[in-house]
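**Q** What follows is a single structure, and I will ask about it in a moment.
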Amino acid sequence: MKVMIFIFLAIALTTGTILHFTNQPNEEKTTPKTEVQADKPDKPKLADIVQPELYGPTGAVYDIDVTYDMEGHRIKGDLSVRFLNNTEKTLKEIHFNVWGNDKTFRKNGGGVIVDQVKVNQELSTFDMEKETDLVISGLSLKPNRQYSVDMKFTVHVPKQQNRFGWDGTTVSLGNWFPILGVYEKGTGWDIDPYYQEGDSFYSLNSDFNVTVTTDKSLKIATTGISVGEPKVNGQTAVHQFKAENVRDFAMQMDPTYKVKSKKVDDVTVNLYYLEKHTPYVNQLLSDGVGSMNLFEEKFGDYPWPELDIVTMHGWFGGMEYPQLVMISVTDKTQNYLSMITAHEVAHQWFYGVVGNNQYDEPWLDESPTHFAALLYEEKLNQLDSVVPVPKGKYRLNSSISVYDTGHPQAPQMFHHMIYMYGGRTINDLRKELGHKTFYRAVKTYVKQYRFGVATTEDFIQTMEKESERDLSVFFKNHRVLPSH
């Protein structure tokens, strides 16, 4: 889930009117999956991912080789990315999102420095615009050709309890390296600002080969899988990781992490936990495994070999990355860990498998994941009393820009509309279509946009096609309205 989960809990606790935590049964019971499962379909290659003509650059392969200084909290190394210009345009510039350079992190000692940028081995002109927008200019990248970008970069990890930061012995590395932006057909580069109360992250599926050299004491959970055992030389260790068909690459590190694992069919679920979180280990692992079982049944197969659940201490409740979810275990979240875990696991389907522009259309991943968490908890009935915020500029499919106004109530409006009323909308759609048709349509949606990008229009069209119904009135009544 996004960082907003913490605000959600605060609203629920302080108002008592938005969401009531009860033990009333859900309308729909589910049965556990059997041990015998059908073979999973072959994973498509990057070149075969849907909609190649709509979004680019495509087929990106990252090679990242860094050293992490555990004492100085600094990452330094090289990044190389190869990609295809599939945009049908000659690109004059390339954009990278450098989220770790936002003022949220710089004011706490963080930041990212980029140097020696090369395109196809030629030194290139670059500039950091709007804090997080790295622009490489003076280019002429022809369509349907392969290109490479190489750079040296240094990351100062901020001292803060966040998805990107260090706290005590724990290091959270979400959105820590420069990542290719997205070029959309007809509109060009889509570059949005960082948003602390939610997510601005929008990137296409890529492959990653990551080498990390650091103190041998560190235990590292990551997107992807480990390639062999770490190579130890004195007090340092060299770790190699590989991830395929993922939208980002995150890491979580702590020398004191303990690990407990469980298999779900051919998927390994790993729980990395701190000693102080031992009382919650069985619950967290059970909820991780249980929610994955349920979501595979309802939404389709989990396509990667591993999922890492990591405990940490954050100001939020949880945060998702491909194959890795951060769960903040605190006095304020300990009674809601099941729902937080289920929400983050659900993001592996909505954000991970099916991508969306999280800044322009945050409801596309937050609404179904809020629904999924309550489905897992068998508390969907709690959504019946949720109403939208007063009519005005807020639509269910509003962009984050509508909420990022600096108004003190804006984060609550964002959370209530996108998470809670969005969850109700998905549940109302289930009721409208009926269980069988609804879940068939959702599976079709996940399959159709697997490893691609979906929009609000794509979601509505899939629901209408599968149900053979005109749902325009339903979505209008639920404030899913045209942008213009």
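Numbering starts fresh at 1 for the residues of each chain in the structure tokens, the chains themselves are lettered A, B, ... in the order given, and ligands are numbered from 1 as they appear.
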Determine which residues of segment 284-321 of chain A DSSP labels as strand (DSSP E or B) from the backbone of this structure, then write them out as a PyMOL selection string.
**A** chain A and resi 306-312+318-321
**Q** What's around segment 106-122 of chain A at 9 Å? Count only C-alpha atoms, leave out sequence neighbours fewer than 6 positions away in its own chain, and write the answer as a PyMOL selection string.
**A** chain A and resi 98-100+128+134+136+139+147-160+165+176-178
**Q** Extract, using only C-alpha atoms, all DNA, RNA and protein residues at most 8 Å from Asn356 of chain A, discarding same-chain residues fewer than 6 positions from it, and format them as a PDB file with N, CA, C and O atoms, in the first residue's frame.
**A**
```pdb
ATOM      1  N   TYR A 202       5.924   5.834 -11.772  1.00  0.00           N
ATOM      2  CA  TYR A 202       5.375   5.402 -13.063  1.00  0.00           C
ATOM      3  C   TYR A 202       6.552   4.969 -13.918  1.00  0.00           C
ATOM      4  O   TYR A 202       7.354   5.796 -14.352  1.00  0.00           O
ATOM      5  N   PRO A 362      -4.332   7.416  -9.535  1.00  0.00           N
ATOM      6  CA  PRO A 362      -3.995   6.595  -8.363  1.00  0.00           C
ATOM      7  C   PRO A 362      -5.069   5.596  -7.971  1.00  0.00           C
ATOM      8  O   PRO A 362      -4.784   4.581  -7.335  1.00  0.00           O
ATOM      9  N   LEU A 364      -6.559   3.470  -9.738  1.00  0.00           N
ATOM     10  CA  LEU A 364      -6.474   2.195 -10.453  1.00  0.00           C
ATOM     11  C   LEU A 364      -5.713   1.124  -9.684  1.00  0.00           C
ATOM     12  O   LEU A 364      -5.907  -0.066  -9.929  1.00  0.00           O
ATOM     13  N   ASP A 365      -4.820   1.534  -8.772  1.00  0.00           N
ATOM     14  CA  ASP A 365      -4.172   0.500  -7.958  1.00  0.00           C
ATOM     15  C   ASP A 365      -4.595   0.572  -6.495  1.00  0.00           C
ATOM     16  O   ASP A 365      -4.704  -0.458  -5.834  1.00  0.00           O
ATOM     17  N   VAL A 453       0.569  -1.451 -19.092  1.00  0.00           N
ATOM     18  CA  VAL A 453       0.002  -0.281 -18.433  1.00  0.00           C
ATOM     19  C   VAL A 453      -1.478  -0.198 -18.786  1.00  0.00           C
ATOM     20  O   VAL A 453      -1.854  -0.348 -19.956  1.00  0.00           O
ATOM     21  N   ALA A 454      -2.314   0.029 -17.785  1.00  0.00           N
ATOM     22  CA  ALA A 454      -3.751   0.185 -18.004  1.00  0.00           C
ATOM     23  C   ALA A 454      -4.191   1.578 -17.589  1.00  0.00           C
ATOM     24  O   ALA A 454      -3.575   2.220 -16.747  1.00  0.00           O
ATOM     25  N   THR A 455      -5.260   2.030 -18.200  1.00  0.00           N
ATOM     26  CA  THR A 455      -5.865   3.315 -17.879  1.00  0.00           C
ATOM     27  C   THR A 455      -7.287   3.089 -17.373  1.00  0.00           C
ATOM     28  O   THR A 455      -7.816   1.963 -17.429  1.00  0.00           O
TER      29      THR A 455
END
```
**Q** Quick one: residues within 6 Å of segment 337-354 of chain A, only C-alpha atoms counted, chain neighbours fewer than 4 positions away excluded, as a list of chain:residue names?
**A** A:Met1, A:Asp287, A:Ser291, A:Glu320, A:Pro322, A:Asp365, A:Thr369, A:Ala373, A:Tyr449, A:Arg450, A:Phe451, A:Gly452
**Q** Next, dump the selected residues to file, keeping only all heavy atoms, as a short mmCIF file (atom, residue, chain, number, x, y, z; two decimals), in the first residue's frame.
**A**
```cif
data_model
loop_
_atom_site.label_atom_id
_atom_site.label_comp_id
_atom_site.auth_asym_id
_atom_site.auth_seq_id
_atom_site.Cartn_x
_atom_site.Cartn_y
_atom_site.Cartn_z
N MET A 1 0.84 -1.19 0.00
CA MET A 1 0.00 0.00 0.00
C MET A 1 0.87 1.24 0.00
O MET A 1 2.05 1.18 0.28
CB MET A 1 -0.86 -0.04 1.26
CG MET A 1 -1.68 1.17 1.47
SD MET A 1 -2.75 0.92 2.88
CE MET A 1 -4.01 2.07 2.52
N ASP A 287 -0.48 -14.18 7.06
CA ASP A 287 -1.26 -13.24 6.24
C ASP A 287 -0.64 -13.08 4.85
O ASP A 287 -1.37 -12.93 3.86
CB ASP A 287 -1.33 -11.88 6.93
CG ASP A 287 -2.22 -11.90 8.15
OD1 ASP A 287 -3.20 -12.69 8.16
OD2 ASP A 287 -1.95 -11.15 9.11
N SER A 291 -3.08 -14.31 1.97
CA SER A 291 -3.56 -13.33 0.99
C SER A 291 -3.06 -13.68 -0.41
O SER A 291 -3.80 -13.50 -1.39
CB SER A 291 -3.13 -11.92 1.38
OG SER A 291 -1.73 -11.81 1.48
N GLU A 320 4.57 -0.83 -1.04
CA GLU A 320 4.81 -1.92 -1.97
C GLU A 320 5.89 -1.60 -2.99
O GLU A 320 6.02 -0.45 -3.44
CB GLU A 320 3.52 -2.27 -2.72
CG GLU A 320 3.20 -1.38 -3.92
CD GLU A 320 2.63 -0.03 -3.54
OE1 GLU A 320 2.46 0.23 -2.33
OE2 GLU A 320 2.33 0.76 -4.45
N PRO A 322 7.88 -4.14 -6.36
CA PRO A 322 7.79 -5.47 -6.98
C PRO A 322 8.54 -6.51 -6.15
O PRO A 322 9.71 -6.34 -5.81
CB PRO A 322 8.48 -5.27 -8.35
CG PRO A 322 8.30 -3.81 -8.63
CD PRO A 322 8.43 -3.13 -7.29
N ASP A 365 -4.82 1.53 -8.77
CA ASP A 365 -4.17 0.50 -7.96
C ASP A 365 -4.59 0.57 -6.50
O ASP A 365 -4.70 -0.46 -5.83
CB ASP A 365 -2.65 0.57 -8.09
CG ASP A 365 -2.03 1.87 -7.62
OD1 ASP A 365 -2.32 2.90 -8.22
OD2 ASP A 365 -1.23 1.84 -6.67
N THR A 369 -6.82 -2.52 -4.33
CA THR A 369 -6.05 -3.13 -3.25
C THR A 369 -6.72 -2.92 -1.90
O THR A 369 -6.63 -3.78 -1.01
CB THR A 369 -4.61 -2.59 -3.22
OG1 THR A 369 -4.61 -1.17 -3.29
CG2 THR A 369 -3.80 -3.14 -4.39
N ALA A 373 -7.87 -6.06 0.40
CA ALA A 373 -7.51 -6.24 1.81
C ALA A 373 -8.74 -6.57 2.65
O ALA A 373 -8.70 -7.45 3.52
CB ALA A 373 -6.83 -4.98 2.34
N TYR A 449 -3.56 -6.95 -19.44
CA TYR A 449 -2.57 -5.88 -19.23
C TYR A 449 -1.38 -6.35 -18.40
O TYR A 449 -0.66 -5.53 -17.83
CB TYR A 449 -3.26 -4.67 -18.59
CG TYR A 449 -4.29 -4.08 -19.52
CD1 TYR A 449 -5.64 -4.39 -19.37
CD2 TYR A 449 -3.91 -3.27 -20.58
CE1 TYR A 449 -6.58 -3.89 -20.26
CE2 TYR A 449 -4.84 -2.77 -21.47
CZ TYR A 449 -6.17 -3.08 -21.31
OH TYR A 449 -7.11 -2.58 -22.19
N ARG A 450 -1.18 -7.65 -18.39
CA ARG A 450 -0.08 -8.26 -17.66
C ARG A 450 1.26 -7.66 -18.11
O ARG A 450 1.60 -7.67 -19.29
CB ARG A 450 -0.10 -9.77 -17.91
CG ARG A 450 1.02 -10.59 -17.27
CD ARG A 450 0.82 -12.04 -17.70
NE ARG A 450 1.91 -12.93 -17.31
CZ ARG A 450 1.88 -13.71 -16.24
NH1 ARG A 450 0.82 -13.70 -15.45
NH2 ARG A 450 2.88 -14.52 -15.96
N PHE A 451 2.00 -7.09 -17.17
CA PHE A 451 3.30 -6.45 -17.40
C PHE A 451 3.20 -5.22 -18.30
O PHE A 451 4.20 -4.76 -18.81
CB PHE A 451 4.31 -7.45 -17.97
CG PHE A 451 4.57 -8.62 -17.07
CD1 PHE A 451 4.68 -9.90 -17.59
CD2 PHE A 451 4.71 -8.45 -15.71
CE1 PHE A 451 4.94 -10.98 -16.76
CE2 PHE A 451 4.96 -9.53 -14.87
CZ PHE A 451 5.07 -10.80 -15.40
N GLY A 452 1.98 -4.73 -18.49
CA GLY A 452 1.79 -3.53 -19.30
C GLY A 452 1.25 -2.39 -18.45
O GLY A 452 1.44 -2.34 -17.24
#
```
**Q** Pick from A:Leu79, A:Met463, A:Tyr419, A:Thr425: nearest to Phe438 of chain A, with only C-alpha atoms counted?
**A**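 Using only C-alpha atoms, Phe438 of chain A sits closest to A:Met463.
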**Q** Determine which residues of segment 229-442 of chain A receive a DSSP assignment of helix (DSSP H, G or I), computed from the backbone, and state them as a ChimeraX atom specification.
**A** /A:275-299,334-346,363-377,380-385,400-402,410-433,435-442
